[in-house]
Each structure stands twice: as C-alpha cells, then as structure tokens.
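Shown below: model25.pdb, with PDB, C-alpha atoms and all ligand atoms.
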ATOM      1  CA  MET S   1      88.575-154.926 216.965
ATOM      2  CA  SER S   2      90.663-157.677 215.571
ATOM      3  CA  ARG S   3      91.442-160.695 217.648
ATOM      4  CA  VAL S   4      94.418-162.949 218.145
ATOM      5  CA  LEU S   5      93.417-166.380 216.888
ATOM      6  CA  LYS S   6      94.517-169.729 218.241
ATOM      7  CA  ILE S   7      97.233-171.300 216.143
ATOM      8  CA  VAL S   8      97.005-174.974 215.217
ATOM      9  CA  THR S   9     100.305-176.576 216.161
ATOM     10  CA  GLY S  10     102.033-179.842 215.417
ATOM     11  CA  ASP S  11     102.025-182.177 212.440
ATOM     12  CA  VAL S  12      98.269-182.702 212.731
ATOM     13  CA  PRO S  13      95.530-183.583 210.184
ATOM     14  CA  GLU S  14      94.182-179.998 210.206
ATOM     15  CA  LEU S  15      97.452-178.812 208.679
ATOM     16  CA  ARG S  16      97.522-181.594 206.086
ATOM     17  CA  GLN S  17      94.454-180.628 204.075
ATOM     18  CA  LYS S  18      94.039-178.552 200.953
ATOM     19  CA  ALA S  19      92.554-175.130 201.504
ATOM     20  CA  GLN S  20      89.550-174.026 199.481
ATOM     21  CA  ILE S  21      89.330-171.129 197.053
ATOM     22  CA  VAL S  22      87.756-167.982 198.492
ATOM     23  CA  LYS S  23      84.768-167.150 196.319
ATOM     24  CA  ASN S  24      83.613-163.906 197.892
ATOM     25  CA  VAL S  25      86.532-161.834 199.119
ATOM     26  CA  LYS S  26      84.249-158.994 200.231
ATOM     27  CA  ASP S  27      82.264-161.238 202.552
ATOM     28  CA  PRO S  28      82.544-159.570 205.985
ATOM     29  CA  ILE S  29      83.482-162.914 207.523
ATOM     30  CA  ILE S  30      86.465-163.165 205.148
ATOM     31  CA  GLN S  31      87.474-159.544 205.772
ATOM     32  CA  GLU S  32      87.342-160.095 209.519
ATOM     33  CA  LEU S  33      89.387-163.272 209.202
ATOM     34  CA  ILE S  34      92.084-161.377 207.267
ATOM     35  CA  LEU S  35      92.292-158.674 209.943
ATOM     36  CA  ASP S  36      92.432-161.292 212.683
ATOM     37  CA  MET S  37      95.162-163.181 210.818
ATOM     38  CA  SER S  38      97.259-159.999 210.520
ATOM     39  CA  GLU S  39      96.789-159.268 214.206
ATOM     40  CA  THR S  40      97.692-162.846 215.105
ATOM     41  CA  MET S  41     100.840-162.753 212.965
ATOM     42  CA  ARG S  42     101.954-159.501 214.590
ATOM     43  CA  LYS S  43     101.216-160.553 218.151
ATOM     44  CA  LYS S  44     102.892-163.940 217.708
ATOM     45  CA  LYS S  45     105.855-162.250 216.022
ATOM     46  CA  GLY S  46     105.498-164.348 212.917
ATOM     47  CA  ILE S  47     106.455-163.202 209.431
ATOM     48  CA  GLY S  48     103.744-165.107 207.679
ATOM     49  CA  LEU S  49     100.518-166.918 208.381
ATOM     50  CA  ALA S  50      98.175-169.071 206.323
ATOM     51  CA  ALA S  51      94.482-169.525 207.135
ATOM     52  CA  PRO S  52      94.762-173.298 207.815
ATOM     53  CA  GLN S  53      97.103-172.394 210.682
ATOM     54  CA  VAL S  54      94.174-170.724 212.436
ATOM     55  CA  GLY S  55      91.805-173.562 211.633
ATOM     56  CA  LYS S  56      90.262-172.134 208.450
ATOM     57  CA  LEU S  57      90.685-174.187 205.287
ATOM     58  CA  LEU S  58      90.692-171.183 202.995
ATOM     59  CA  GLN S  59      93.279-169.919 200.516
ATOM     60  CA  ILE S  60      94.376-166.806 202.388
ATOM     61  CA  ILE S  61      97.902-165.856 203.404
ATOM     62  CA  VAL S  62      99.404-162.856 205.131
ATOM     63  CA  ALA S  63     103.103-162.071 205.020
ATOM     64  CA  SER S  64     105.366-159.419 206.397
ATOM     65  CA  ASP S  65     107.780-157.809 203.967
ATOM     66  CA  GLY S  66     110.331-157.561 206.745
ATOM     67  CA  GLY S  67     109.430-153.929 207.371
ATOM     68  CA  ASP S  68     106.164-152.335 208.410
ATOM     69  CA  ASN S  69     104.206-153.533 205.442
ATOM     70  CA  GLU S  70     102.026-156.556 205.261
ATOM     71  CA  LEU S  71     100.924-158.393 202.221
ATOM     72  CA  VAL S  72      97.604-160.186 201.988
ATOM     73  CA  VAL S  73      97.117-162.631 199.129
ATOM     74  CA  ILE S  74      93.879-164.492 198.548
ATOM     75  CA  ASN S  75      93.829-167.569 196.281
ATOM     76  CA  PRO S  76      97.585-167.197 195.675
ATOM     77  CA  LYS S  77      99.213-169.053 192.840
ATOM     78  CA  ILE S  78     102.915-169.378 192.147
ATOM     79  CA  GLU S  79     103.307-168.472 188.478
ATOM     80  CA  ARG S  80     107.068-168.615 188.159
ATOM     81  CA  VAL S  81     110.027-169.668 190.224
ATOM     82  CA  SER S  82     113.675-168.960 189.639
ATOM     83  CA  LYS S  83     116.091-171.790 188.963
ATOM     84  CA  ASP S  84     118.401-170.244 191.536
ATOM     85  CA  VAL S  85     117.766-171.580 194.996
ATOM     86  CA  VAL S  86     118.716-170.498 198.490
ATOM     87  CA  VAL S  87     119.168-172.687 201.551
ATOM     88  CA  LEU S  88     118.158-170.998 204.802
ATOM     89  CA  GLU S  89     116.909-171.977 208.217
ATOM     90  CA  GLU S  90     113.154-171.728 208.597
ATOM     91  CA  GLY S  91     110.647-171.959 211.377
ATOM     92  CA  CYS S  92     106.867-171.982 211.570
ATOM     93  CA  LEU S  93     104.343-170.717 214.116
ATOM     94  CA  SER S  94     102.651-174.126 213.869
ATOM     95  CA  LEU S  95     105.861-176.003 214.660
ATOM     96  CA  PRO S  96     107.292-174.176 217.658
ATOM     97  CA  GLY S  97     110.892-174.914 218.480
ATOM     98  CA  ILE S  98     111.693-176.548 215.144
ATOM     99  CA  TYR S  99     114.189-174.838 212.842
ATOM    100  CA  GLU S 100     115.599-176.557 209.799
ATOM    101  CA  LYS S 101     117.413-175.613 206.628
ATOM    102  CA  VAL S 102     115.075-175.546 203.655
ATOM    103  CA  THR S 103     115.900-175.098 199.976
ATOM    104  CA  ARG S 104     113.645-172.575 198.232
ATOM    105  CA  SER S 105     113.642-170.710 194.956
ATOM    106  CA  GLU S 106     115.346-167.359 195.254
ATOM    107  CA  LYS S 107     112.632-165.513 193.335
ATOM    108  CA  VAL S 108     108.953-166.141 192.767
ATOM    109  CA  THR S 109     106.094-164.518 190.928
ATOM    110  CA  VAL S 110     102.780-164.911 192.696
ATOM    111  CA  THR S 111      99.338-163.910 191.465
ATOM    112  CA  GLY S 112      96.111-163.762 193.426
ATOM    113  CA  LEU S 113      93.672-161.283 194.856
ATOM    114  CA  ALA S 114      94.340-158.411 197.219
ATOM    115  CA  GLN S 115      92.232-157.802 200.300
ATOM    116  CA  ASN S 116      89.917-155.576 198.248
ATOM    117  CA  GLY S 117      89.360-158.343 195.707
ATOM    118  CA  GLU S 118      91.492-156.759 192.967
ATOM    119  CA  PRO S 119      93.924-159.030 191.097
ATOM    120  CA  ILE S 120      97.541-158.620 192.143
ATOM    121  CA  LYS S 121     100.879-159.860 190.893
ATOM    122  CA  ILE S 122     103.863-159.928 193.209
ATOM    123  CA  LYS S 123     107.439-160.371 192.116
ATOM    124  CA  ALA S 124     109.354-161.253 195.233
ATOM    125  CA  ASP S 125     112.900-162.135 196.057
ATOM    126  CA  GLY S 126     114.899-162.611 199.208
ATOM    127  CA  TRP S 127     113.045-163.275 202.424
ATOM    128  CA  LEU S 128     109.590-162.394 201.061
ATOM    129  CA  ALA S 129     109.975-164.974 198.282
ATOM    130  CA  ARG S 130     110.721-167.582 200.938
ATOM    131  CA  VAL S 131     107.770-166.571 203.126
ATOM    132  CA  LEU S 132     105.387-166.689 200.166
ATOM    133  CA  GLN S 133     106.537-170.197 199.229
ATOM    134  CA  HIS S 134     106.253-171.364 202.830
ATOM    135  CA  GLU S 135     102.733-169.950 203.275
ATOM    136  CA  ILE S 136     101.451-171.190 199.921
ATOM    137  CA  ASP S 137     102.719-174.664 200.889
ATOM    138  CA  HIS S 138     100.407-174.499 203.907
ATOM    139  CA  LEU S 139      97.442-174.147 201.538
ATOM    140  CA  GLU S 140      98.426-177.491 200.015
ATOM    141  CA  GLY S 141      98.841-179.185 203.364
ATOM    142  CA  VAL S 142     102.625-179.085 203.074
ATOM    143  CA  LEU S 143     104.835-178.265 206.069
ATOM    144  CA  PHE S 144     108.439-177.085 205.812
ATOM    145  CA  ILE S 145     109.640-180.197 207.612
ATOM    146  CA  ASP S 146     108.607-182.141 204.479
ATOM    147  CA  LYS S 147     111.256-180.246 202.504
ATOM    148  CA  VAL S 148     114.180-180.853 204.800
ATOM    149  CA  LYS S 149     116.829-183.027 203.212
ATOM    150  CA  LYS S 150     117.212-186.155 205.239
TER     151      LYS S 150
HETATM  152 ZN    ZN S 201     104.345-172.179 208.570
END
Any chance you could give the structure as structure tokens?
Amino acid sequence: MSRVLKIVTGDVPELRQKAQIVKNVKDPIIQELILDMSETMRKKKGIGLAAPQVGKLLQIIVASDGGDNELVVINPKIERVSKDVVVLEEGCLSLPGIYEKVTRSEKVTVTGLAQNGEPIKIKADGWLARVLQHEIDHLEGVLFIDKVKK
C-alpha cells in the first residue's frame, strides 16, 4: 500500500539543496518512494512532485500529463529547450497559496530513466513541458518564486 507523504513547505533549506543521482533504480526503497510520491501527488491534487518536496534529496520526479497518465522520470536532464517561451501562472505544493506568473520554454526534451530503469526521452510541450521544468528545478534547489520577474 502506498502512503501519502508529508510535503515540505515554505522557502526552507530542505528545498534549497541539490538532489543526488539515483544509482539503483530497482532498489525496493526507491520503488516504494516512487509509488508513495505518485499517491501523494494524486491525493494532494498536484500535477507534479519532486522527491526533495517529500524530504528525499534524490533526483526523482513524477508529473501528471493532465489526463490519467503519470510520468516518472529518474535522474532527469533537460536536453533541449525551445526559444519560444510562455508566461503562465504557476503554483507549487510546497508553497501553498502562492501563485505567480512564470516564464518557461514552450517545449522541452528531457532524458532520464523510467521507473523500470530503462532510458527514456520525453518531448513535451504545453502544460507538461512547464511541469517538467518546474519539477527539475526542484532537484537543483530552485523554486518558482525565484523566476518571477520583480
Ligand atoms: Zn513545486
């Protein structure tokens, strides 16, 4: 049974650190964490979640594609971004009540590992491209409020 994990909230040191590479994706502890992260994202009605947000400094993200499908990316890396950008309001489960307009690339190509450890390459646009950029920022200790134009 997967569990709903506690989400780290606020602009706190835990959310300002770099996450570590996952070396053994098949480790049962990692697999359980992924399932718990998916459950937590669903229950909290989020559209994306990064492991540092549940107190684990590991390079794991989960994202909703806006429909019923979820995407898990381990050790994600942004390979390409489009020059075209989109400005949209964003929020974050770790920063409840804060919504700000953030400029993001319209399209991104992300590589990494799937939940089963196989390499994956995702070409995303629209909302998913935004979610991927937001979640990968979390792995670098970056919060969306850093990207708001003052
Ligand atoms: Zn976030």
(request) Would you list the contacts of region 101-117 of chain S as a VMD selection string, taking every protein, DNA or RNA residue within 9 Å and counting only C-alpha atoms, but skipping same-chain residues closer than 3 positions in sequence? (result) chain S and resid 24 to 26 31 34 71 to 90 120 to 130 132 to 134 144 to 145 147 to 149
(request) Please identify the residues whose atoms come within 6 Å of ligand ZN 201 (chain S), using only C-alpha atoms and all ligand atoms, and report them as an MDAnalysis selection string. (result) chainID S and resid 92:94 135
(message) Once the PyMOL selection byres (((chain S and resi 136-138) around 9) and not hetatm) is applied to the coordinates I shared, what remains selected? I want it as an MDAnalysis selection string.
(response) chainID S and resid 15:19 49:53 59:61 76:78 131:135 139:144
Produce the centre coordinates and the three edge lengths, each in Å to one decimal, of the box along x, y and z that contains all listed atoms of region 134-139 of chain S with 6 Å added on each side, as lines of an AutoDock Vina configuration file.
center_x = 101.8
center_y = -172.3
center_z = 201.9
size_x = 20.8
size_y = 16.7
size_z = 16.0
(request) Mind giving me the straight-line distance from CA of Glu14 (chain S) to CA of Met1 (chain S) in Å, one decimal? (result)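 Straight-line distance from CA of Glu14 (chain S) to CA of Met1 (chain S) works out to 26.6 Å.
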(request) For the file shown, report as a list in words the outcome of the PyMOL selection byres (((chain S and resi 96) around 12) and not hetatm) at residue level. (result)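 Selected by the PyMOL selection byres (((chain S and resi 96) around 12) and not hetatm) in this file: Ile7, Val8, Thr9, Gly10, Asp11, Lys44, Gly46, Glu90, Gly91, Cys92, Leu93, Ser94, Leu95, Gly97, Ile98, Tyr99, Glu100 and Ile145 of chain S.
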(message) To one decimal place in Å, what is the distance between CA of Arg42 (chain S) and CA of Val54 (chain S)?
(response) 13.8 Å
